[in-house]
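*Asks:* My structure file upload_35.txt, compact mmCIF, C-alpha atoms and all ligand atoms, is below:
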```txt
# COMPACT_ATOMS: atom_id res chain seq x y z
CA MET V 10 -27.26 0.74 -29.11
CA THR V 11 -26.44 1.97 -32.61
CA GLU V 12 -22.79 2.11 -33.61
CA PRO V 13 -21.63 5.56 -34.82
CA ALA V 14 -21.58 5.59 -38.63
CA SER V 15 -18.06 7.00 -38.64
CA ALA V 16 -15.64 8.79 -36.39
CA GLU V 17 -16.60 12.05 -38.09
CA THR V 18 -20.38 11.81 -37.48
CA ALA V 19 -19.81 10.48 -33.97
CA SER V 20 -17.60 13.38 -32.97
CA VAL V 21 -20.27 15.80 -34.20
CA ARG V 22 -22.83 14.12 -31.90
CA ASN V 23 -20.64 13.86 -28.84
CA PRO V 24 -18.07 16.00 -27.13
CA SER V 25 -14.52 14.69 -27.00
CA ALA V 26 -13.05 12.95 -23.99
CA ARG V 27 -10.30 14.67 -22.02
CA LEU V 28 -6.92 13.31 -23.16
CA ILE V 29 -4.71 11.92 -20.41
CA ASP V 30 -1.22 13.15 -21.27
CA GLY V 31 1.06 10.31 -20.16
CA LYS V 32 4.03 11.87 -21.92
CA ALA V 33 3.81 15.07 -19.84
CA PHE V 34 3.12 13.14 -16.62
CA ALA V 35 6.14 10.89 -17.28
CA ALA V 36 8.37 13.90 -18.00
CA ASN V 37 7.40 15.48 -14.65
CA LEU V 38 7.91 12.21 -12.80
CA THR V 39 11.34 11.78 -14.41
CA GLN V 40 12.33 15.30 -13.29
CA ASP V 41 11.25 14.52 -9.72
CA ILE V 42 13.26 11.28 -9.82
CA ALA V 43 16.35 13.17 -11.05
CA ARG V 44 16.06 15.52 -8.03
CA GLU V 45 15.70 12.56 -5.69
CA VAL V 46 18.67 10.77 -7.28
CA ARG V 47 20.83 13.83 -6.48
CA ALA V 48 19.58 13.90 -2.90
CA PHE V 49 20.21 10.15 -2.59
CA HIS V 50 23.76 10.61 -3.88
CA ASP V 51 24.40 13.49 -1.47
CA ARG V 52 23.25 11.33 1.41
CA HIS V 53 24.88 8.00 0.55
CA GLN V 54 27.57 8.83 -2.06
CA VAL V 55 26.01 6.12 -4.23
CA THR V 56 24.59 6.47 -7.75
CA PRO V 57 21.72 4.03 -8.44
CA GLY V 58 22.52 1.66 -11.31
CA LEU V 59 20.15 -0.14 -13.68
CA ALA V 60 21.19 -3.15 -15.79
CA VAL V 61 19.06 -3.84 -18.87
CA VAL V 62 19.51 -7.13 -20.72
CA LEU V 63 18.33 -7.54 -24.31
CA VAL V 64 18.59 -10.89 -26.07
CA GLY V 65 18.21 -10.91 -29.86
CA ASN V 66 17.31 -8.22 -32.39
CA ASP V 67 13.62 -7.47 -32.00
CA PRO V 68 13.40 -3.93 -33.46
CA ALA V 69 10.72 -2.66 -31.03
CA SER V 70 12.67 -4.03 -28.04
CA GLU V 71 15.84 -2.33 -29.32
CA VAL V 72 13.97 1.02 -29.32
CA TYR V 73 12.60 0.44 -25.80
CA VAL V 74 15.97 -0.50 -24.26
CA ARG V 75 17.70 2.44 -25.94
CA ASN V 76 15.05 4.76 -24.47
CA LYS V 77 15.48 3.12 -21.08
CA ALA V 78 19.22 3.81 -21.16
CA LEU V 79 18.66 7.40 -22.32
CA GLN V 80 16.11 8.16 -19.59
CA THR V 81 18.25 6.46 -16.95
CA HIS V 82 21.15 8.80 -17.83
CA ARG V 83 18.77 11.78 -17.77
CA THR V 84 17.93 11.13 -14.12
CA GLY V 85 21.63 10.90 -13.23
CA MET V 86 21.49 7.15 -12.64
CA ARG V 87 23.95 4.72 -14.23
CA SER V 88 22.86 2.49 -17.08
CA PHE V 89 24.48 -0.88 -17.85
CA MET V 90 23.37 -2.37 -21.16
CA HIS V 91 23.89 -6.04 -22.03
CA MET V 92 23.03 -6.80 -25.66
CA LEU V 93 23.24 -10.57 -26.21
CA PRO V 94 22.91 -12.54 -29.46
CA GLU V 95 19.72 -14.44 -30.37
CA THR V 96 21.70 -17.68 -29.88
CA THR V 97 22.26 -17.04 -26.14
CA SER V 98 21.44 -20.13 -24.09
CA GLN V 99 19.35 -20.26 -20.94
CA ALA V 100 22.48 -21.16 -18.93
CA GLU V 101 24.41 -18.15 -20.32
CA LEU V 102 21.55 -15.79 -19.54
CA LEU V 103 21.15 -17.20 -16.03
CA ALA V 104 24.91 -16.81 -15.48
CA LEU V 105 24.73 -13.12 -16.47
CA VAL V 106 21.75 -12.54 -14.14
CA GLY V 107 23.75 -14.24 -11.36
CA ARG V 108 26.68 -11.83 -11.90
CA LEU V 109 24.36 -8.82 -11.93
CA ASN V 110 22.69 -10.05 -8.74
CA HIS V 111 26.08 -9.87 -6.98
CA ASP V 112 27.28 -6.59 -8.53
CA PRO V 113 27.16 -3.84 -5.86
CA GLU V 114 26.99 -1.09 -8.52
CA ILE V 115 23.68 -2.46 -9.79
CA HIS V 116 20.44 -1.88 -7.90
CA GLY V 117 17.95 -2.80 -10.61
CA ILE V 118 17.96 -5.62 -13.19
CA LEU V 119 15.58 -5.95 -16.11
CA VAL V 120 15.47 -8.58 -18.85
CA GLN V 121 13.59 -7.17 -21.84
CA LEU V 122 10.58 -9.20 -22.99
CA PRO V 123 9.70 -10.99 -25.15
CA LEU V 124 12.68 -13.36 -25.07
CA PRO V 125 13.60 -15.43 -28.14
CA ALA V 126 12.02 -18.89 -28.37
CA GLY V 127 13.84 -21.46 -26.27
CA LEU V 128 14.46 -19.11 -23.32
CA ASP V 129 12.11 -19.47 -20.35
CA PRO V 130 10.98 -16.00 -19.22
CA ILE V 131 9.57 -17.28 -15.92
CA ALA V 132 12.82 -19.02 -14.91
CA ILE V 133 14.86 -15.98 -15.95
CA THR V 134 12.74 -13.40 -14.11
CA ASN V 135 12.66 -15.62 -11.02
CA ALA V 136 16.48 -15.73 -11.07
CA ILE V 137 16.66 -11.96 -10.50
CA ARG V 138 17.23 -11.07 -6.84
CA PRO V 139 13.80 -9.90 -5.57
CA ASP V 140 15.21 -6.62 -4.22
CA LYS V 141 16.71 -5.84 -7.68
CA ASP V 142 13.65 -7.04 -9.63
CA VAL V 143 12.62 -3.56 -10.87
CA ASP V 144 10.14 -5.10 -13.35
CA GLY V 145 8.33 -6.67 -10.38
CA LEU V 146 7.70 -9.81 -12.44
CA GLY V 147 9.44 -12.43 -10.28
CA GLU V 148 7.38 -14.68 -8.02
CA VAL V 149 8.41 -12.90 -4.79
CA ASN V 150 7.25 -9.45 -5.91
CA ALA V 151 4.21 -10.87 -7.74
CA GLY V 152 3.31 -12.76 -4.56
CA ARG V 153 3.69 -9.63 -2.45
CA LEU V 154 1.38 -7.74 -4.79
CA ALA V 155 -1.17 -10.58 -4.68
CA LEU V 156 -1.10 -10.47 -0.86
CA GLY V 157 -1.34 -6.67 -0.75
CA GLN V 158 2.20 -6.37 0.72
CA PRO V 159 4.77 -3.74 -0.32
CA GLY V 160 7.22 -4.73 -3.05
CA LEU V 161 8.38 -3.77 -6.54
CA VAL V 162 5.36 -3.40 -8.84
CA PRO V 163 5.39 -4.01 -12.64
CA CYS V 164 6.06 -0.74 -14.45
CA THR V 165 3.15 -0.51 -16.92
CA PRO V 166 0.35 -1.18 -14.41
CA LEU V 167 2.06 1.12 -11.90
CA GLY V 168 2.11 3.85 -14.56
CA CYS V 169 -1.59 3.27 -15.34
CA LEU V 170 -2.45 3.52 -11.65
CA MET V 171 -0.51 6.79 -11.28
CA LEU V 172 -2.42 8.27 -14.23
CA LEU V 173 -5.77 7.08 -12.83
CA LYS V 174 -5.10 8.53 -9.39
CA ALA V 175 -3.91 11.83 -10.84
CA GLU V 176 -7.06 12.07 -12.98
CA LEU V 177 -9.73 10.65 -10.69
CA GLY V 178 -8.33 11.03 -7.17
CA GLU V 179 -10.05 8.43 -4.97
CA LEU V 180 -10.74 5.17 -6.83
CA ARG V 181 -12.53 3.36 -3.98
CA GLY V 182 -15.89 1.92 -4.98
CA LEU V 183 -15.39 2.36 -8.73
CA HIS V 184 -15.96 -0.60 -11.02
CA ALA V 185 -12.77 -1.34 -12.96
CA VAL V 186 -12.77 -3.75 -15.86
CA VAL V 187 -9.36 -5.00 -17.03
CA ILE V 188 -9.31 -6.64 -20.46
CA GLY V 189 -6.30 -8.94 -20.73
CA ALA V 190 -4.81 -11.22 -18.07
CA SER V 191 -1.08 -11.18 -18.83
CA ASN V 192 1.51 -11.37 -16.06
CA LEU V 193 3.08 -8.17 -17.43
CA VAL V 194 -0.04 -5.98 -17.29
CA GLY V 195 -3.54 -7.43 -16.77
CA ARG V 196 -3.05 -9.47 -13.58
CA PRO V 197 -0.90 -6.95 -11.68
CA MET V 198 -3.24 -4.15 -12.84
CA ALA V 199 -6.24 -5.98 -11.39
CA ARG V 200 -4.40 -6.49 -8.08
CA LEU V 201 -3.41 -2.82 -7.86
CA LEU V 202 -6.98 -1.68 -8.53
CA LEU V 203 -8.30 -4.13 -5.95
CA ALA V 204 -5.86 -2.70 -3.42
CA GLU V 205 -7.30 0.76 -4.19
CA GLY V 206 -10.78 -0.45 -3.25
CA CYS V 207 -12.14 -0.89 -6.78
CA THR V 208 -14.55 -3.65 -7.70
CA VAL V 209 -12.48 -5.46 -10.32
CA THR V 210 -13.55 -7.63 -13.24
CA VAL V 211 -10.91 -9.28 -15.45
CA ALA V 212 -11.89 -10.26 -18.98
CA HIS V 213 -9.59 -12.53 -20.97
CA ILE V 214 -9.36 -14.60 -24.12
CA ASP V 215 -12.08 -17.05 -22.93
CA THR V 216 -14.51 -14.42 -21.62
CA ARG V 217 -17.87 -14.88 -23.37
CA ASP V 218 -19.05 -11.28 -23.74
CA PRO V 219 -16.25 -8.84 -22.90
CA ALA V 220 -18.18 -5.91 -24.42
CA ALA V 221 -21.04 -6.40 -21.95
CA LEU V 222 -18.58 -6.36 -19.04
CA ALA V 223 -16.69 -3.38 -20.44
CA ARG V 224 -19.93 -1.37 -20.65
CA GLN V 225 -20.23 -1.62 -16.84
CA ALA V 226 -16.80 -0.08 -16.24
CA ASP V 227 -16.12 3.27 -14.64
CA ILE V 228 -12.47 2.49 -15.39
CA LEU V 229 -11.64 0.40 -18.44
CA VAL V 230 -8.05 -0.82 -18.84
CA VAL V 231 -7.32 -2.58 -22.13
CA ALA V 232 -4.15 -4.65 -22.54
CA THR V 233 -4.72 -7.30 -25.19
CA GLY V 234 -2.34 -6.52 -28.06
CA CYS V 235 -5.37 -6.67 -30.38
CA ASN V 236 -5.53 -3.30 -32.10
CA GLY V 237 -8.91 -1.57 -32.33
CA LEU V 238 -10.65 -4.28 -30.25
CA VAL V 239 -12.61 -1.88 -28.06
CA ARG V 240 -15.24 0.04 -30.02
CA ALA V 241 -17.38 2.99 -28.91
CA ASP V 242 -20.27 0.78 -27.83
CA TRP V 243 -18.00 -1.09 -25.36
CA ILE V 244 -17.63 2.11 -23.34
CA LYS V 245 -19.96 3.48 -20.67
CA PRO V 246 -20.46 7.20 -21.39
CA GLY V 247 -18.05 9.21 -19.24
CA ALA V 248 -15.82 6.23 -18.35
CA THR V 249 -12.04 6.57 -18.01
CA VAL V 250 -10.29 4.47 -20.65
CA ILE V 251 -6.65 3.40 -20.31
CA ASP V 252 -5.25 1.93 -23.54
CA VAL V 253 -2.14 -0.16 -22.93
CA GLY V 254 -1.92 -1.66 -26.43
CA ILE V 255 0.79 -0.55 -28.86
CA THR V 256 0.77 -1.99 -32.39
CA ARG V 257 2.67 -0.57 -35.35
CA ILE V 258 0.49 -0.76 -38.46
CA SER V 259 1.43 -0.13 -42.09
CA LEU V 260 -0.48 2.56 -43.96
CA PRO V 261 -1.35 2.51 -47.69
CA ASN V 262 1.19 5.33 -48.27
CA GLY V 263 3.99 3.04 -47.07
CA LYS V 264 4.40 4.82 -43.73
CA THR V 265 3.64 3.24 -40.33
CA ARG V 266 1.62 4.40 -37.34
CA LEU V 267 1.24 3.27 -33.73
CA VAL V 268 -2.28 2.33 -32.67
CA GLY V 269 -3.78 1.02 -29.44
CA ASP V 270 -6.28 -1.68 -28.47
CA VAL V 271 -9.04 0.94 -28.41
CA ALA V 272 -10.61 2.38 -31.59
CA PHE V 273 -9.58 5.85 -30.50
CA ASP V 274 -11.59 8.01 -32.94
CA GLU V 275 -14.80 6.35 -31.79
CA ALA V 276 -13.91 5.95 -28.12
CA VAL V 277 -13.05 9.61 -27.73
CA THR V 278 -16.72 10.46 -28.38
CA ARG V 279 -17.97 8.30 -25.49
CA ALA V 280 -15.27 8.22 -22.83
CA GLY V 281 -14.88 10.93 -20.21
CA ARG V 282 -11.11 10.56 -20.23
CA ILE V 283 -8.82 8.50 -22.43
CA THR V 284 -5.09 7.81 -22.93
CA PRO V 285 -3.84 8.27 -26.50
CA VAL V 286 -1.44 5.95 -28.31
CA PRO V 287 1.32 7.05 -28.58
CA GLY V 288 1.85 9.44 -25.69
CA GLY V 289 -0.32 7.75 -23.06
CA VAL V 290 0.73 4.69 -21.09
CA GLY V 291 3.99 3.93 -22.98
CA PRO V 292 6.11 6.77 -21.58
CA MET V 293 4.85 5.92 -18.07
CA THR V 294 6.37 2.44 -18.34
CA ILE V 295 9.88 3.87 -18.55
CA ALA V 296 9.28 6.58 -15.91
CA CYS V 297 8.04 3.88 -13.51
CA LEU V 298 11.10 1.76 -14.23
CA LEU V 299 13.26 4.70 -13.09
CA ASN V 300 10.99 5.12 -10.06
CA ASN V 301 11.43 1.42 -9.18
CA THR V 302 15.22 1.58 -9.67
CA LEU V 303 15.50 4.46 -7.21
CA ALA V 304 13.19 2.62 -4.78
CA ALA V 305 15.38 -0.52 -5.08
CA ALA V 306 18.57 1.51 -4.46
CA ARG V 307 16.99 3.15 -1.41
CA ARG V 308 16.11 -0.23 0.01
CA ILE V 309 19.46 -1.89 -0.77
CA VAL V 310 21.69 1.02 0.26
CA GLY V 311 19.61 2.91 2.76
CA GLY V 312 17.55 0.07 4.21
CA ALA V 313 14.35 1.99 3.39
CA ALA V 314 11.16 -0.02 3.51
N1 LIG V 401 10.96 -6.56 -19.18
C1 LIG V 401 9.96 -5.86 -19.75
N2 LIG V 401 9.67 -6.06 -21.03
C2 LIG V 401 8.65 -5.36 -21.59
C3 LIG V 401 7.95 -4.38 -20.86
C4 LIG V 401 8.28 -4.21 -19.50
O1 LIG V 401 7.67 -3.39 -18.76
N3 LIG V 401 9.30 -4.95 -18.99
N4 LIG V 401 6.97 -3.59 -21.48
C5 LIG V 401 6.82 -3.63 -22.93
C6 LIG V 401 7.68 -2.68 -23.71
N5 LIG V 401 8.10 -1.44 -23.04
C7 LIG V 401 9.06 -1.51 -22.10
O2 LIG V 401 9.84 -2.39 -22.01
C8 LIG V 401 7.69 -0.16 -23.53
C9 LIG V 401 6.68 -0.02 -24.46
C10 LIG V 401 6.35 1.25 -24.96
C11 LIG V 401 6.99 2.38 -24.54
C12 LIG V 401 6.72 3.74 -25.09
O3 LIG V 401 7.25 4.71 -24.61
N6 LIG V 401 5.91 3.84 -26.13
C13 LIG V 401 5.67 5.10 -26.80
C14 LIG V 401 5.90 4.93 -28.29
C15 LIG V 401 7.32 4.52 -28.59
C16 LIG V 401 7.55 4.26 -30.08
O4 LIG V 401 7.59 5.22 -30.84
O5 LIG V 401 7.68 3.08 -30.48
C17 LIG V 401 4.24 5.57 -26.56
O6 LIG V 401 3.36 4.71 -26.33
O7 LIG V 401 4.02 6.76 -26.60
C18 LIG V 401 7.99 2.23 -23.59
C19 LIG V 401 8.33 0.99 -23.09
C20 LIG V 401 7.12 -5.01 -23.45
N7 LIG V 401 8.32 -5.56 -22.91
```
Translate the structure of the given file into structure tokens.

*Replies:*
Amino acid sequence: MTEPASAETASVRNPSARLIDGKAFAANLTQDIAREVRAFHDRHQVTPGLAVVLVGNDPASEVYVRNKALQTHRTGMRSFMHMLPETTSQAELLALVGRLNHDPEIHGILVQLPLPAGLDPIAITNAIRPDKDVDGLGEVNAGRLALGQPGLVPCTPLGCLMLLKAELGELRGLHAVVIGASNLVGRPMARLLLAEGCTVTVAHIDTRDPAALARQADILVVATGCNGLVRADWIKPGATVIDVGITRISLPNGKTRLVGDVAFDEAVTRAGRITPVPGGVGPMTIACLLNNTLAAARRIVGGAA
């Protein structure tokens, strides 16, 4: 197959994919959650509370946790921010998680990733009480997902699944290829798609020919952190492409721009549907965090399954 000479000539040859508007979907979901938070409060006289812990000064993480706090307030839930210095020890962080685990005003706990070197993210996430683990990254919730049992599901893959179901309806029987096998996105994504009845292939760093696998996909989810990895000729015509990557690149004019793992200008000429970056999967991550916090509060306070 010949590679398009440029985005411009390619878009002349092919119609554009339908854009999946994650920003609008997330805004609607957040509004629904706000309504449900009010109903929950009326019923139980309890306001769900989310604790977010940030260690260090990673600029992107600072933006994400600020947005998490803002959106939490917007739904009427309570936000508890814990900004800790880079020098925080594992024992100090575990002690904070222990206090949050016992705090009755807090129904969801999240430790922002990545953590500074020297802190063990697996030990920390496993220290969070499973029923407050709104990131769904601890071994209890990850195990439940692997076994197809109900639990708290990681926010980014949950957001991707919501977008896919809204766009495609029934997913059963579709071939989904997930590129990337991280605990945060790739693995839970594959398990969610399997639970929907998809045939799932996971490509990762050691996969010999990821492009050949990607070309078989009805649904292609890309979560590698490698910007522009997926080119037009990786995509089956008409496929639905979900781009989880977010990289900030510097432009020659000194400005910066966010780009995904998919070469968007090319991909848009081949895919049937595609998420943009920004405005695709990213906003869904925060909306799903709010969704999980309300679900955790319902279970803790109301005993809901
Ligand atoms: N404990 C966790 N850490 C991290 C997670 C996570 O789910 N749990 N995910 C990512 C970062 N992340 C949330 O924490 C996140 C990433 C991106 C966005 C987002 O809204 N992106 C916007 C662009 C925002 C910008 O201008 O920079 C978009 O794509 O449109 C929200 C949350 C890693 N860490």

*Asks:* Write out as a list in words the residues lying within 9 Å of V:Ala151, counting only C-alpha atoms and excluding same-chain residues fewer than 3 positions away.

*Replies:* Gly145, Leu146, Gly147, Glu148, Leu154, Ala155, Leu156, Gly160, Leu161, Val162, Pro163, Asn192 and Pro197 of chain V

*Asks:* Quick one: everything within 12 Å of V:Gln40, counting all atoms listed in the file, minus sequence neighbours fewer than 6 positions away in the same chain. Send it as an mmCIF file with C-alpha atoms, keeping the file's coordinate frame.

*Replies:*
```cif
data_model
loop_
_atom_site.group_PDB
_atom_site.id
_atom_site.type_symbol
_atom_site.label_atom_id
_atom_site.label_comp_id
_atom_site.auth_asym_id
_atom_site.auth_seq_id
_atom_site.Cartn_x
_atom_site.Cartn_y
_atom_site.Cartn_z
ATOM 1 C CA ALA V 33 3.810 15.070 -19.840
ATOM 2 C CA PHE V 34 3.120 13.140 -16.620
ATOM 3 C CA VAL V 46 18.670 10.770 -7.280
ATOM 4 C CA ARG V 47 20.830 13.830 -6.480
ATOM 5 C CA GLN V 80 16.110 8.160 -19.590
ATOM 6 C CA THR V 81 18.250 6.460 -16.950
ATOM 7 C CA HIS V 82 21.150 8.800 -17.830
ATOM 8 C CA ARG V 83 18.770 11.780 -17.770
ATOM 9 C CA THR V 84 17.930 11.130 -14.120
ATOM 10 C CA GLY V 85 21.630 10.900 -13.230
ATOM 11 C CA ALA V 296 9.280 6.580 -15.910
ATOM 12 C CA LEU V 299 13.260 4.700 -13.090
ATOM 13 C CA ASN V 300 10.990 5.120 -10.060
#
```

*Asks:* Residues up to 6 Å from ligand LIG 401 (chain V), counting all atoms listed in the file: could you list those as a compact mmCIF listing (two decimals) with C-alpha atoms, keeping the file's coordinate frame?

*Replies:*
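Ended up saving to part.txt:
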```txt
# COMPACT_ATOMS: atom_id res chain seq x y z
CA TYR V 73 12.60 0.44 -25.80
CA LEU V 119 15.58 -5.95 -16.11
CA VAL V 120 15.47 -8.58 -18.85
CA GLN V 121 13.59 -7.17 -21.84
CA LEU V 122 10.58 -9.20 -22.99
CA ASP V 144 10.14 -5.10 -13.35
CA CYS V 164 6.06 -0.74 -14.45
CA THR V 165 3.15 -0.51 -16.92
CA VAL V 286 -1.44 5.95 -28.31
CA PRO V 287 1.32 7.05 -28.58
CA GLY V 288 1.85 9.44 -25.69
CA GLY V 289 -0.32 7.75 -23.06
CA VAL V 290 0.73 4.69 -21.09
CA GLY V 291 3.99 3.93 -22.98
CA PRO V 292 6.11 6.77 -21.58
CA THR V 294 6.37 2.44 -18.34
CA ILE V 295 9.88 3.87 -18.55
```

*Asks:* Tell me, as JSON, numbers by chain, which residues lie within 9 Å of stretch 228-231 of chain V, counting only C-alpha atoms; anything in the same chain fewer than 5 positions away does not count.

*Replies:* {"V": [169, 173, 183, 184, 185, 186, 187, 188, 189, 195, 198, 223, 238, 239, 244, 248, 249, 250, 251, 252, 253, 254, 269, 270, 271]}

*Asks:* Find the distance between atom CA of V:Ser88 and atom CA of V:Leu172 and write it in Å to one decimal.

*Replies:*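 Computing it gives 26.1 Å between the two atoms.
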
*Asks:* Check which residues of stretch 221-314 of chain V sit at most 7 Å from stretch 92-116 of chain V using only C-alpha atoms, and return one row each with the closest pair of atoms and their distance in Å to one decimal, ordered by chain and rising number, as a Markdown table.

*Replies:*
```
| residue | atom | partner | partner_atom | distance |
| --- | --- | --- | --- | --- |
| V:Thr302 | CA | V:His116 | CA | 6.5 |
| V:Ala305 | CA | V:His116 | CA | 6.0 |
| V:Ala306 | CA | V:His116 | CA | 5.2 |
```

*Asks:* Of the candidates V:Val72, V:Val62, V:Met86, V:Val310, which shows the shortest atom-to-atom distance to V:Ile133, using all atoms listed in the file?

*Replies:*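 Counting all atoms listed in the file, the residue closest to V:Ile133 is V:Val62.
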
*Asks:* Figure out the distance between atom CA of V:Leu267 and atom CA of V:Ile255, please, to one decimal in Å.

*Replies:*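 These two atoms are separated by 6.2 Å.
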
*Asks:* In Å, with one decimal, what is the gap from atom CA of V:Asp242 to atom CA of V:Gly178?

*Replies:* 26.0 Å

*Asks:* With distances taken over all atoms listed in the file, which of V:Thr233, V:Leu303, V:Val149, V:Pro285 is nearest to V:Lys32?

*Replies:*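 Looking at the shortest contact to V:Lys32, the residue is V:Pro285.
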
*Asks:* Between V:Gly281, V:Arg138, V:Cys297, V:Ile118, which residue has the minimum interatomic distance to V:Ala35, considering all atoms listed in the file?

*Replies:* V:Cys297

*Asks:* Between V:Leu28, V:Phe49, V:Ile309, V:Cys207, single out the one closest to V:Asp140, counting only C-alpha atoms.

*Replies:*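 For V:Asp140, the nearest of the given residues is V:Ile309.
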